Protein chains: 4
Amino acid sequence: MSEYPPITEQLDDSESAREAGRRKMDWAAQHMPILESVREEFVANQPFAGERIAMAMHVEAKTAILVETLAEGGAEVAVTGCNPLSTHDDVSAALDAHESITSYAKRGVDDEEYYAAIEAVIAHEPTITVDDGMDLVAAIHEDYPELIDGIIGGAEETTTGVHRLRAMDADGALDYPVFAVNDTPMKRLFDNVHGTGESSLASIAMTTNLSWAGKNVVVAGYGYCGKGVAKKAAGQNANVIVTEVEPRRALEAHMEGYDVMPMAEAAEVGDVFLTTTGNRDVIVEEDFEKMDDGVLLANAGHFDIEIDLDALDDLAVDRYEARDGVEAYEMEDGRRLNVIAEGRLVNLAAPISLGHPVEVMDQSFGVQAACVRELVENGDAYAAGVHDVPDELDREIAEIKLEAEGVDFDSLTDTQRDYMDSWDHGT
Amino acid sequence: MSEYPPITEQLDDSESAREAGRRKMDWAAQHMPILESVREEFVANQPFAGERIAMAMHVEAKTAILVETLAEGGAEVAVTGCNPLSTHDDVSAALDAHESITSYAKRGVDDEEYYAAIEAVIAHEPTITVDDGMDLVAAIHEDYPELIDGIIGGAEETTTGVHRLRAMDADGALDYPVFAVNDTPMKRLFDNVHGTGESSLASIAMTTNLSWAGKNVVVAGYGYCGKGVAKKAAGQNANVIVTEVEPRRALEAHMEGYDVMPMAEAAEVGDVFLTTTGNRDVIVEEDFEKMDDGVLLANAGHFDIEIDLDALDDLAVDRYEARDGVEAYEMEDGRRLNVIAEGRLVNLAAPISLGHPVEVMDQSFGVQAACVRELVENGDAYAAGVHDVPDELDREIAEIKLEAEGVDFDSLTDTQRDYMDSWDHGT
Amino acid sequence: MSEYPPITEQLDDSESAREAGRRKMDWAAQHMPILESVREEFVANQPFAGERIAMAMHVEAKTAILVETLAEGGAEVAVTGCNPLSTHDDVSAALDAHESITSYAKRGVDDEEYYAAIEAVIAHEPTITVDDGMDLVAAIHEDYPELIDGIIGGAEETTTGVHRLRAMDADGALDYPVFAVNDTPMKRLFDNVHGTGESSLASIAMTTNLSWAGKNVVVAGYGYCGKGVAKKAAGQNANVIVTEVEPRRALEAHMEGYDVMPMAEAAEVGDVFLTTTGNRDVIVEEDFEKMDDGVLLANAGHFDIEIDLDALDDLAVDRYEARDGVEAYEMEDGRRLNVIAEGRLVNLAAPISLGHPVEVMDQSFGVQAACVRELVENGDAYAAGVHDVPDELDREIAEIKLEAEGVDFDSLTDTQRDYMDSWDHGT
Amino acid sequence: MSEYPPITEQLDDSESAREAGRRKMDWAAQHMPILESVREEFVANQPFAGERIAMAMHVEAKTAILVETLAEGGAEVAVTGCNPLSTHDDVSAALDAHESITSYAKRGVDDEEYYAAIEAVIAHEPTITVDDGMDLVAAIHEDYPELIDGIIGGAEETTTGVHRLRAMDADGALDYPVFAVNDTPMKRLFDNVHGTGESSLASIAMTTNLSWAGKNVVVAGYGYCGKGVAKKAAGQNANVIVTEVEPRRALEAHMEGYDVMPMAEAAEVGDVFLTTTGNRDVIVEEDFEKMDDGVLLANAGHFDIEIDLDALDDLAVDRYEARDGVEAYEMEDGRRLNVIAEGRLVNLAAPISLGHPVEVMDQSFGVQAACVRELVENGDAYAAGVHDVPDELDREIAEIKLEAEGVDFDSLTDTQRDYMDSWDHGT
């Protein structure tokens with residue numbers, strides 16, 4: 001067992017932290033009807049009795065409800081953060097207080113501590129892994145291959161993580177089954193579009209006290225996250241500019257009524273730049289050189305590599321905190337380029353940020369919970385590699401959500417079902 | 001060879017029809033930069049020399065440019081309509097005047113003539129079929145199986161057609177390869193969303209002289225067509241209500257901010273009903289009984305089976321033309337339910353209707369043209385069955401379009417491409 | 001009495017015209033609940049017994065319901081067109097068949113006939129005038145000042161007309177009271193914004209078969225009409241560009257998220273140009289020189305003076321009908337600039353156009369009818385000059401409309417009314 | 001002189017507060033180009049030399065720039081808060097450090113201190129008053145009428161304040177001229193619509209961590225603030241419901257596509273309730289009784305009287321802090337109604353709130369500054385009573401803003417100006 005201590009042992013006053021964390025969790029639980037419904041089922045059936053679940057997630061109130069839901073389904077859970085700045089220590093403490101949960105997540109840890117916490121989680125010898133950025137999968141495959149035999153499978157939350165898992169799978173290097181939770185309709189359409197969109201913009205607005213109306217907002221990438229950011233920014237009366245590398249997406253943005261142009265041109269006219277590509281070096285030196293005084297630079301992708309801050313630092317003659325969560329890089333000609341939350345994913349790392357909205361995470365975590373149950377119930381059916389979430393699971397979560405919202409909808413009649421199955425109908 | 005005569009032989013003054021048709025085609029060509037670019041390539045390379053292409057399409061100006069583009073690529077083309085009300089006789093005549101094209105399409109034909117025209121097209125012994133509703137594929141498989149050996153493959157334009165082809169394929173009953181043009185990103189995102197959406201609403205507005213602002217517009221089905229109709233109706237300040245049978249789509253509509261409810265409830269509050277499901281009996285007797293006086297009923301799906309007009313007719317005590325293209329069904333209690341274009345697809349069959357906008361069809365037909373070229377060049381590579389359009393073809397058409405629109409976009413740098421391919425990057 | 005004959009005497013088959021016109025009017029009446037309610041009141045009370053009402057309006061189905069409503073209130077009505085291209089002869093004939101109505105309106109009259117018809121209307125020696133562009137007020141003041149003593153007052157429908165009346169009033173040259181119907185909330189907010197916006201765009205779409213998605217649509221003028229056009233175009237996924245001369249309006253458009261620029265710049269990037277300013281020479285020679293091949297030019301202002309067609313004609317080397325209602329002006333370098341409906345107001349003069357939507361005109365005409373009643377009941381209270389519509393009349397019409405739509409709303413409680421009247425409440 | 005001490009004397013460490021406040025002000029100044037431009041003019045011309053300006057405003061970074069701008073124009077300024085919860089003590093301290101400014105504003109004062117601070121400001125014997133809720137005008141008229149002779153005039157920022165001033169004026173009880181800054185186009189269109197809309201929603205989102213997508217958001221009142229909230233909420237994919245008492249506004253909301261209904265009905269379906277009416281008792285006991293568990297209640301009007309919290313408290317069996325800034329009122333049946341920021345104006349009083357966005361306040365304060373200059377330059381021209389802001393001042397600020405944003409726009413040509421002035425143009 002690793003030497004790295006759980007959060008409770010790291011805090012001065014873990015009891016009051018625990019209470020504050022519990023209050024946050026109570027609020028979240030009040031607005032997570034899917035997990036509430038799933039939890040009732042898990043408590044009754046104890047599907048995870050005997051399992052050990054390792055989790056590396058953004059440890060805040062909403063995720064905590066997922067962690068707790070799995071624990072109450074009978075699992076022993078060990079959890080740590082997946083980003084050094086996104087942990088809420090109080091929530092981490094509240095989780096750690098649960099008899100079946102050990103939490104190692106702590107905000108502001110350095111690189112060494114970050115990986116020590118991951119190792120501490122892995123030391124629980126998990127039978128299931130739940131990742132948000134594939135840190136656990138990567139660490140287990142690289143450093144603890146002996147554990148792989150005991151692992152039924154895993155689930156991965158993010159676009160970026162799934163992308164990397166697929167590359168790993170293509171190389172034949174992924175040795176247990178992992179569900180690509182990110183790729184489900186429920187995740188992409190709601191979490192990415194509504195969650196990332198709303199929370200990124202609200203974080204930026206509340207961190208800067210600036211308005212969207214009439215601003216040129218440059219959205220880099222027009223995947224699901226980019227679409228969400230663009231749509232919500234337009235909905236606040238911004239003038240949206242999209243940059244893309246895939247021609248169909250570029251055309252889609254153009255046909256939506258947005259301006260589409262290369263970043264090198266967008267840099268000259270943008271007021272706010274928001275990256276959502278999952279790729280690196282999306283905004284680079286030549287772009288910084290063209291930007292106006294006072295622009296905002298922020299990232300909504302998983303890693304802090306989309307804005308080339310090293311290049312920006314090289315260009316800067318001065319660098320100072322312009323506002324809590326905003327670092328101004330001053331250029332030789334006096335222009336100030338303001339970087340929000342150090343280019344880390346802004347809806348989690350900005351000082352005024354809460355991650356995704358509660359309801360949106362409820363949907364995403366509902367799918368996670370169903371995937372973990374699927375691994376336990378039918379894990380043998382899945383070979384090593386990346387797997388799409390079975391459509392019935394995703395659909396089940398949608399139905400739970402609609403019921404919770406009081407939204408009624410139609411069902412196919414027998415006649416309609418027959419019609420859909422037939423191909424012999426004439427004009 | 002069939003006895004059914006080409007359009008030229010059926011018109012009194014085919015010459016003036018031809019001129020009128022040519023003028024319509026010239027306008028369309030002016031706004032179809034993709035086909036213009038493709039045509040230049042085809043004229044130069046003659047990829048279809050020796051091929052016979054059978055087509056069953058809505059014969060109007062835009063489709064005519066596709067027909068001509070294929071003919072100018074070296075093919076002998078025989079064409080007929082895919083809907084008795086959607087043909088423009090003048091355009092049909094203009095096509096028939098081309099030395100490599102025979103057109104049998106005529107507006108207002110009865111059932112017997114309709115199928116005679118299809119047989120006339122098949123009598124040309126096609127090597128390739130291009131369908132908009134799988135009439136040709138169905139007729140060949142049922143009545144002319146002996147032709148199948150000589151057929152390289154086909155392309156199908158519609159959601160409905162592809163759905164039926166897939167069912168046929170699942171039954172092992174599809175004996176040559178067919179490209180599901182409908183399922184490409186280029187088709188779904190632009191044709192279905194923007195084309196169906198804009199043109200259906202404009203047709204209804206100009207057929208009725210009514211406004212969208214403040215109207216309760218019930219959109220049945222939230223697939224790509226339904227999304228387009230809903231989005232464009234909301235963009236005209238309608239209050240959109242969505243009915244759906246698939247829970248994820250129902251939830252998606254709910255999260256977009258629309259009201260979602262069963263048709264049985266929507267019937268009580270709707271002012272306009274627009275079906276886009278591709279299924280039958282979407283609005284039925286119990287719904288008609290609840291509707292307000294003066295409601296509008298229209299269909300944007302391929303077949304005229306979504307609104308149960310037989311049931312409506314049974315309920316009605318009177319039935320009369322309230323306005324060109326609008327039939328009023330008067331109920332016993334005096335309520336008038338107004339059916340537009342006999343429940344046929346409204347953006348083609350209404351008296352004021354022009355089918356999809358030119359630019360949108362340009363994209364869709366660009367993919368069609370590329371698919372036909374692919375069949376000739378690589379037909380051997382495709383087994384009997386439904387095939388997705390190869391992604392490169394779709395992407396190629398998007399690039400041609402963006403270039404024509406003067407929209408520049410980014411490319412991946414080598415560093416970015418490497419990053420996307422790697423999975424070993426840390427936090 | 002003038003020699004100019006009523007429409008019935010000018011048509012070959014006035015009877016069938018009358019029937020067709022009546023059918024159009026029946027459809028309109030079905031969707032005009034405000035006039036239906038007002039008409040019931042007028043029929044019962046005969047407020048206009050003994051009055052002679054002169055009207056110069058776009059004579060089509062909706063206006064006809066207003067004309068008939070006034071006639072059924074007891075007035076003798078004489079009516080003519082206010083634009084040589086906007087009359088529907090069949091509706092004019094149906095009106096003329098009414099025993100209390102004489103209609104001189106005819107489509108396609110030349111200048112001489114146009115003014116002869118106005119004189120014929122004036123020859124009825126009106127006691128009230130109802131204008132749509134102040135033709136009657138102008139002609140009476142210039143040529144028949146002796147009639148002014150017998151005139152109780154008038155009502156003017158358009159922005160342009162009111163603008164000119166105010167100038168006339170400022171010069172002390174307006175000798176009887178005229179209600180500025182255009183300036184009421186009911187007219188500006190609904191007719192201008194929703195009516196002009198929706199119908200102009202639908203007319204252009206159905207006249208050209210082109211799409212709005214992704215188009216650069218240049219809206220000249222950001223008054224109520226311009227706002228409507230911009231909002232509805234954005235709602236069809238156009239990329240809207242606004243030109244303005246008033247800085248607050250320019251800023252308002254900018255803050256809405258639209259691009260704002262001078263016409264000289266917009267000319268270089270626009271795909272469609274739509275003028276709504278009420279002013280002249282909004283698009284001029286230097287602009288035409290910069291435009292792309294294939295652009296569309298249309299006008300939604302009252303007069304055909306916003307696009308300088310003389311200058312365009314001088315630049316053109318050829319000019320031909322590209323499509324019904326679209327005239328192509330071909331430049332020396334081959335560019336074709338397409339003018340829709342000769343630059344006349346597009347939602348009335350285009351070949352596929354129906355004027356404002358029925359419901360929107362119902363609101364506007366409800367205010368007209370209330371104004372005419374006010375003149376008869378309280379005409380003495382109004383001095384010569386332009387008058388705002390009394391707020392109670394406008395409010396009354398809104399209440400009638402909401403009741404007809406089944407929309408319930410709140411009333412102030414006594415406590416709230418007291419609070420709104422007090423100023424002594426502390427923090 | 002009053003005994004109430006300036007903020008500097010009330011803080012333990014006023015120096016570090018001052019620095020923090022200055023940093024906030026520097027960020028604001030960076031995004032307030034209008035005040036920057038105005039300040040340059042004031043510094044050069046010293047228009048306020050010898051004047052004493054009393055201000056009661058929300059004392060935070062943006063307002064502080066206005067205060068400083070006036071001080072640098074030569075005035076002695078005394079300032080206090082206009083709401084016990086909206087002051088930022090650090091900004092207050094930074095202002096107080098300015099040699100020509102005394103600031104009495106302090107967060108969290110009780111009623112007695114609040115009014116003592118107002119008296120302290122009045123004790124400076126102002127020649128000009130600048131109000132945000134007419135506290136100064138009211139206090140001076142009630143308790144210090146002897147000062148009125150020395151007062152040139154005032155300016156009032158809010159809807160509520162202007163409403164009360166007009167009532168006072170109608171009673172003949174307003175004894176010096178006050179500019180109704182709230183009623184200018186610049187204020188209503190930008191501050192109310194964009195400022196209130198964006199900041200209220202962002203505050204609620206960041207205080208609750210909840211999403212807007214798919215929520216039923218009930219907006220009480222459809223004036224400028226209500227329109228802004230409704231538009232921005234719809235832009236975040238909420239399903240907007242509007243309540244109103246004025247039929248034209250109710251109809252306007254209906255025609256925009258929103259649901260309109262009485263609060264008594266909205267209470268049954270709403271998820272979030274946001275009041276913007278400026279009136280009292282907008283949500284009352286019978287409404288609370290119908291609401292769902294978990295609803296949010298917030299206010300964006302000036303005073304905390306729109307939600308009847310006394311009635312809510314009477315209904316509640318328990319009441320506790322559910323989350324920072326959120327108080328849960330628990331009903332007998334277990335339902336929890338969550339009140340945000342004690343029903344005070346949410347974009348200023350919520351724990352995560354920053355008031356209006358910087359750029360929006362820049363416009364509003366630009367008008368304020370121009371009004372104060374107008375009082376000094378032409379105060380004699382204004383009689384006692386409420387005055388509209390002269391149109392040229394408002395227009396001047398719009399021009400300064402457009403120039404700062406780099407937005408160019410058109411000017412009328414001589415021909416156009418002549419045309420607008422003429423009324424003799426024919427059809």
# chains A, B, ... in the order shown; residues from 1 in each chain; ligands from 1
>>> select_by_dssp(residues="region 97-163 of chain C", states="strand (DSSP E or B)", output="list in words")
Ile101, Thr102, Ser103, Ile128, Thr129, Val130, Asp131, Gly153, Gly154, Ala155 and Glu156 of chain C
>>> write_last_selection(atoms="C-alpha atoms", output="short mmCIF file (atom, residue, chain, number, x, y, z; two decimals), in the first residue's frame")
data_model
loop_
_atom_site.label_atom_id
_atom_site.label_comp_id
_atom_site.auth_asym_id
_atom_site.auth_seq_id
_atom_site.Cartn_x
_atom_site.Cartn_y
_atom_site.Cartn_z
CA ILE C 101 -67.92 50.32 -51.60
CA THR C 102 -66.52 51.66 -54.88
CA SER C 103 -63.07 50.33 -55.80
CA ILE C 128 -62.32 60.80 -43.62
CA THR C 129 -59.14 59.68 -45.42
CA VAL C 130 -57.18 56.50 -44.83
CA ASP C 131 -53.74 56.48 -46.45
CA GLY C 153 -59.49 63.71 -40.19
CA GLY C 154 -57.35 60.91 -41.52
CA ALA C 155 -55.14 57.96 -40.66
CA GLU C 156 -51.76 57.11 -42.18
#
>>> residues_around(residues="region 84-88 of chain B", least_positions_apart="6", cutoff="12 Å", atoms="only C-alpha atoms", output="VMD selection string")
(chain A and resid 427) or (chain B and resid 7 17 to 18 20 to 22 24 to 25 56 to 64 94 to 95 103 to 115 117 to 118 132 302 to 304 325 341 to 356)
>>> interface_residues(of="chain B", to="chain C", cutoff="6 Å", atoms="only C-alpha atoms", output="list in words")
Ala202, Asn209, Leu210, Ser211, Lys232, Gly235, Gln236, Pro357 and Val358 of chain B
>>> select_by_dssp(residues="region 45-185 of chain D", states="helix (DSSP H, G or I)", output="MDAnalysis selection string")
chainID D and resid 45 61:72 89:96 111:122 135:143 145:150 159:170 181:183 185
>>> residues_around(residues="Ile148 (chain C)", least_positions_apart="6", cutoff="9 Å", atoms="only C-alpha atoms", output="ChimeraX atom specification")
/C:127,140-141,175-176
>>> residues_around(residues="Thr159 (chain D)", least_positions_apart="4", cutoff="12 Å", atoms="only C-alpha atoms", output="NGL selection string")
(:C and (420)) or (:D and (131-134 or 163-166 or 180-184 or 187-188 or 191-192 or 223-225 or 276-279 or 300-303))
>>> write_last_selection(atoms="N, CA and C atoms", output="compact mmCIF listing (two decimals), in the first residue's frame")
# COMPACT_ATOMS: atom_id res chain seq x y z
N MET C 420 -47.08 51.79 -7.47
CA MET C 420 -46.57 52.46 -8.66
C MET C 420 -46.84 53.96 -8.60
N ASP D 131 -27.77 59.89 -8.26
CA ASP D 131 -28.47 58.87 -7.49
C ASP D 131 -28.65 57.57 -8.27
N ASP D 132 -28.78 56.50 -7.54
CA ASP D 132 -29.11 55.20 -8.11
C ASP D 132 -30.23 54.63 -7.23
N GLY D 133 -31.42 55.19 -7.38
CA GLY D 133 -32.52 54.78 -6.52
C GLY D 133 -33.09 55.95 -5.72
N MET D 134 -32.71 57.17 -6.07
CA MET D 134 -33.19 58.46 -5.52
C MET D 134 -33.11 58.60 -4.02
N HIS D 163 -39.08 56.33 -11.97
CA HIS D 163 -40.52 56.17 -11.78
C HIS D 163 -41.00 56.97 -10.57
N ARG D 164 -40.27 56.85 -9.47
CA ARG D 164 -40.67 57.55 -8.26
C ARG D 164 -40.47 59.07 -8.40
N LEU D 165 -39.41 59.47 -9.11
CA LEU D 165 -39.19 60.91 -9.32
C LEU D 165 -40.33 61.51 -10.14
N ARG D 166 -40.80 60.76 -11.13
CA ARG D 166 -41.89 61.29 -11.96
C ARG D 166 -43.17 61.45 -11.13
N ALA D 180 -33.27 62.06 -16.13
CA ALA D 180 -33.70 60.66 -16.07
C ALA D 180 -32.77 59.83 -16.93
N VAL D 181 -31.59 59.56 -16.41
CA VAL D 181 -30.58 58.84 -17.18
C VAL D 181 -31.11 57.48 -17.61
N ASN D 182 -31.94 56.92 -16.73
CA ASN D 182 -32.46 55.59 -17.04
C ASN D 182 -33.22 55.53 -18.35
N ASP D 183 -33.85 56.66 -18.71
CA ASP D 183 -34.75 56.62 -19.86
C ASP D 183 -34.06 56.84 -21.19
N THR D 184 -32.76 57.06 -21.20
CA THR D 184 -32.10 57.29 -22.49
C THR D 184 -32.02 55.98 -23.26
N LYS D 187 -29.07 53.91 -22.13
CA LYS D 187 -29.23 53.21 -20.85
C LYS D 187 -30.17 52.02 -20.98
N ARG D 188 -31.33 52.28 -21.54
CA ARG D 188 -32.35 51.23 -21.60
C ARG D 188 -31.93 50.07 -22.49
N ASP D 191 -27.73 48.86 -20.98
CA ASP D 191 -27.60 48.53 -19.56
C ASP D 191 -28.72 47.56 -19.16
N ASN D 192 -29.96 47.97 -19.40
CA ASN D 192 -31.08 47.14 -18.97
C ASN D 192 -31.12 45.80 -19.72
N GLY D 223 -40.49 44.61 -19.47
CA GLY D 223 -39.89 45.89 -19.83
C GLY D 223 -38.49 45.62 -20.36
N TYR D 224 -37.64 46.63 -20.37
CA TYR D 224 -36.31 46.42 -20.93
C TYR D 224 -35.53 45.36 -20.17
N CYS D 225 -35.58 45.41 -18.83
CA CYS D 225 -34.85 44.39 -18.06
C CYS D 225 -35.41 43.00 -18.35
N THR D 276 -38.55 41.26 -12.55
CA THR D 276 -37.90 42.45 -13.13
C THR D 276 -38.91 43.58 -13.27
N THR D 277 -39.93 43.63 -12.40
CA THR D 277 -41.04 44.54 -12.67
C THR D 277 -40.88 45.94 -12.10
N GLY D 278 -40.08 46.09 -11.04
CA GLY D 278 -40.05 47.37 -10.34
C GLY D 278 -41.27 47.55 -9.45
N ASN D 279 -42.10 46.55 -9.35
CA ASN D 279 -43.32 46.64 -8.54
C ASN D 279 -43.20 45.66 -7.36
N ALA D 300 -34.37 40.72 -10.07
CA ALA D 300 -33.45 41.61 -10.77
C ALA D 300 -33.97 43.04 -10.78
N GLY D 301 -34.98 43.34 -9.96
CA GLY D 301 -35.48 44.72 -9.83
C GLY D 301 -34.73 45.43 -8.71
N HIS D 302 -34.91 46.72 -8.64
CA HIS D 302 -34.08 47.50 -7.72
C HIS D 302 -34.32 47.13 -6.25
N PHE D 303 -35.58 46.99 -5.87
CA PHE D 303 -35.87 46.74 -4.45
C PHE D 303 -36.21 45.27 -4.19
>>> closest_residue(among="D:Val245, D:Ala266, D:Cys371, D:Ala220", to="Pro47 (chain D)", atoms="only C-alpha atoms")
D:Cys371
>>> residues_around(residues="region 251-259 of chain B", least_positions_apart="5", cutoff="7 Å", atoms="only C-alpha atoms", output="CSV table (one decimal) with C-alpha atoms, in the first residue's frame")
chain,number,residue,atom,x,y,z
A,398,ALA,CA,-32.5,9.3,-21.1
A,402,LEU,CA,-37.3,12.5,-19.0
B,240,VAL,CA,-42.0,25.1,-31.0
B,241,ILE,CA,-43.4,21.9,-29.7
B,242,VAL,CA,-41.7,18.6,-30.5
D,213,ALA,CA,-30.9,24.3,-20.8
D,214,GLY,CA,-34.4,22.9,-20.8
D,237,ASN,CA,-31.8,27.2,-24.2
D,238,ALA,CA,-34.2,27.9,-21.4
D,239,ASN,CA,-37.9,27.6,-22.1
>>> residues_around(residues="Ser411 (chain D)", least_positions_apart="3", cutoff="9 Å", atoms="only C-alpha atoms", output="PDB file with N, CA and C atoms, in the first residue's frame")
ATOM      1  N   GLU C 244     -26.135  51.707 -40.986  1.00  0.00           N
ATOM      2  CA  GLU C 244     -27.006  52.683 -40.309  1.00  0.00           C
ATOM      3  C   GLU C 244     -26.350  54.060 -40.360  1.00  0.00           C
ATOM      4  N   VAL C 245     -27.162  55.087 -40.156  1.00  0.00           N
ATOM      5  CA  VAL C 245     -26.633  56.447 -40.075  1.00  0.00           C
ATOM      6  C   VAL C 245     -26.774  57.030 -38.667  1.00  0.00           C
ATOM      7  N   GLU C 246     -27.599  56.387 -37.820  1.00  0.00           N
ATOM      8  CA  GLU C 246     -27.825  56.922 -36.477  1.00  0.00           C
ATOM      9  C   GLU C 246     -26.946  56.129 -35.508  1.00  0.00           C
ATOM     10  N   PRO C 262     -20.120  50.620 -42.989  1.00  0.00           N
ATOM     11  CA  PRO C 262     -20.732  51.467 -44.014  1.00  0.00           C
ATOM     12  C   PRO C 262     -21.092  50.614 -45.236  1.00  0.00           C
TER      13      PRO C 262
END
>>> decode(residues="region 364-378 of chain D", atoms="N, CA and C atoms", output="compact mmCIF listing (two decimals), in the first residue's frame")
# COMPACT_ATOMS: atom_id res chain seq x y z
N SER D 364 -23.47 53.57 -19.72
CA SER D 364 -24.40 54.22 -18.83
C SER D 364 -23.73 55.38 -18.08
N PHE D 365 -22.53 55.14 -17.62
CA PHE D 365 -21.82 56.18 -16.86
C PHE D 365 -21.32 57.29 -17.78
N GLY D 366 -21.07 56.94 -19.02
CA GLY D 366 -20.72 58.00 -19.98
C GLY D 366 -21.85 59.00 -20.08
N VAL D 367 -23.09 58.50 -20.11
CA VAL D 367 -24.24 59.40 -20.15
C VAL D 367 -24.34 60.20 -18.85
N GLN D 368 -24.12 59.52 -17.72
CA GLN D 368 -24.12 60.22 -16.42
C GLN D 368 -23.12 61.38 -16.44
N ALA D 369 -21.91 61.09 -16.88
CA ALA D 369 -20.87 62.12 -16.88
C ALA D 369 -21.28 63.28 -17.77
N ALA D 370 -21.84 62.97 -18.93
CA ALA D 370 -22.27 64.02 -19.84
C ALA D 370 -23.40 64.85 -19.23
N CYS D 371 -24.28 64.20 -18.45
CA CYS D 371 -25.37 64.91 -17.80
C CYS D 371 -24.85 65.87 -16.73
N VAL D 372 -23.89 65.40 -15.95
CA VAL D 372 -23.33 66.27 -14.92
C VAL D 372 -22.67 67.48 -15.58
N ARG D 373 -21.95 67.25 -16.66
CA ARG D 373 -21.34 68.37 -17.40
C ARG D 373 -22.42 69.33 -17.90
N GLU D 374 -23.52 68.76 -18.41
CA GLU D 374 -24.61 69.59 -18.92
C GLU D 374 -25.21 70.46 -17.80
N LEU D 375 -25.33 69.89 -16.59
CA LEU D 375 -25.87 70.66 -15.47
C LEU D 375 -24.98 71.86 -15.17
N VAL D 376 -23.68 71.62 -15.18
CA VAL D 376 -22.75 72.71 -14.88
C VAL D 376 -22.77 73.76 -15.98
N GLU D 377 -22.82 73.29 -17.22
CA GLU D 377 -22.74 74.23 -18.34
C GLU D 377 -24.06 74.95 -18.61
N ASN D 378 -25.17 74.21 -18.50
CA ASN D 378 -26.47 74.80 -18.88
C ASN D 378 -27.55 74.57 -17.85
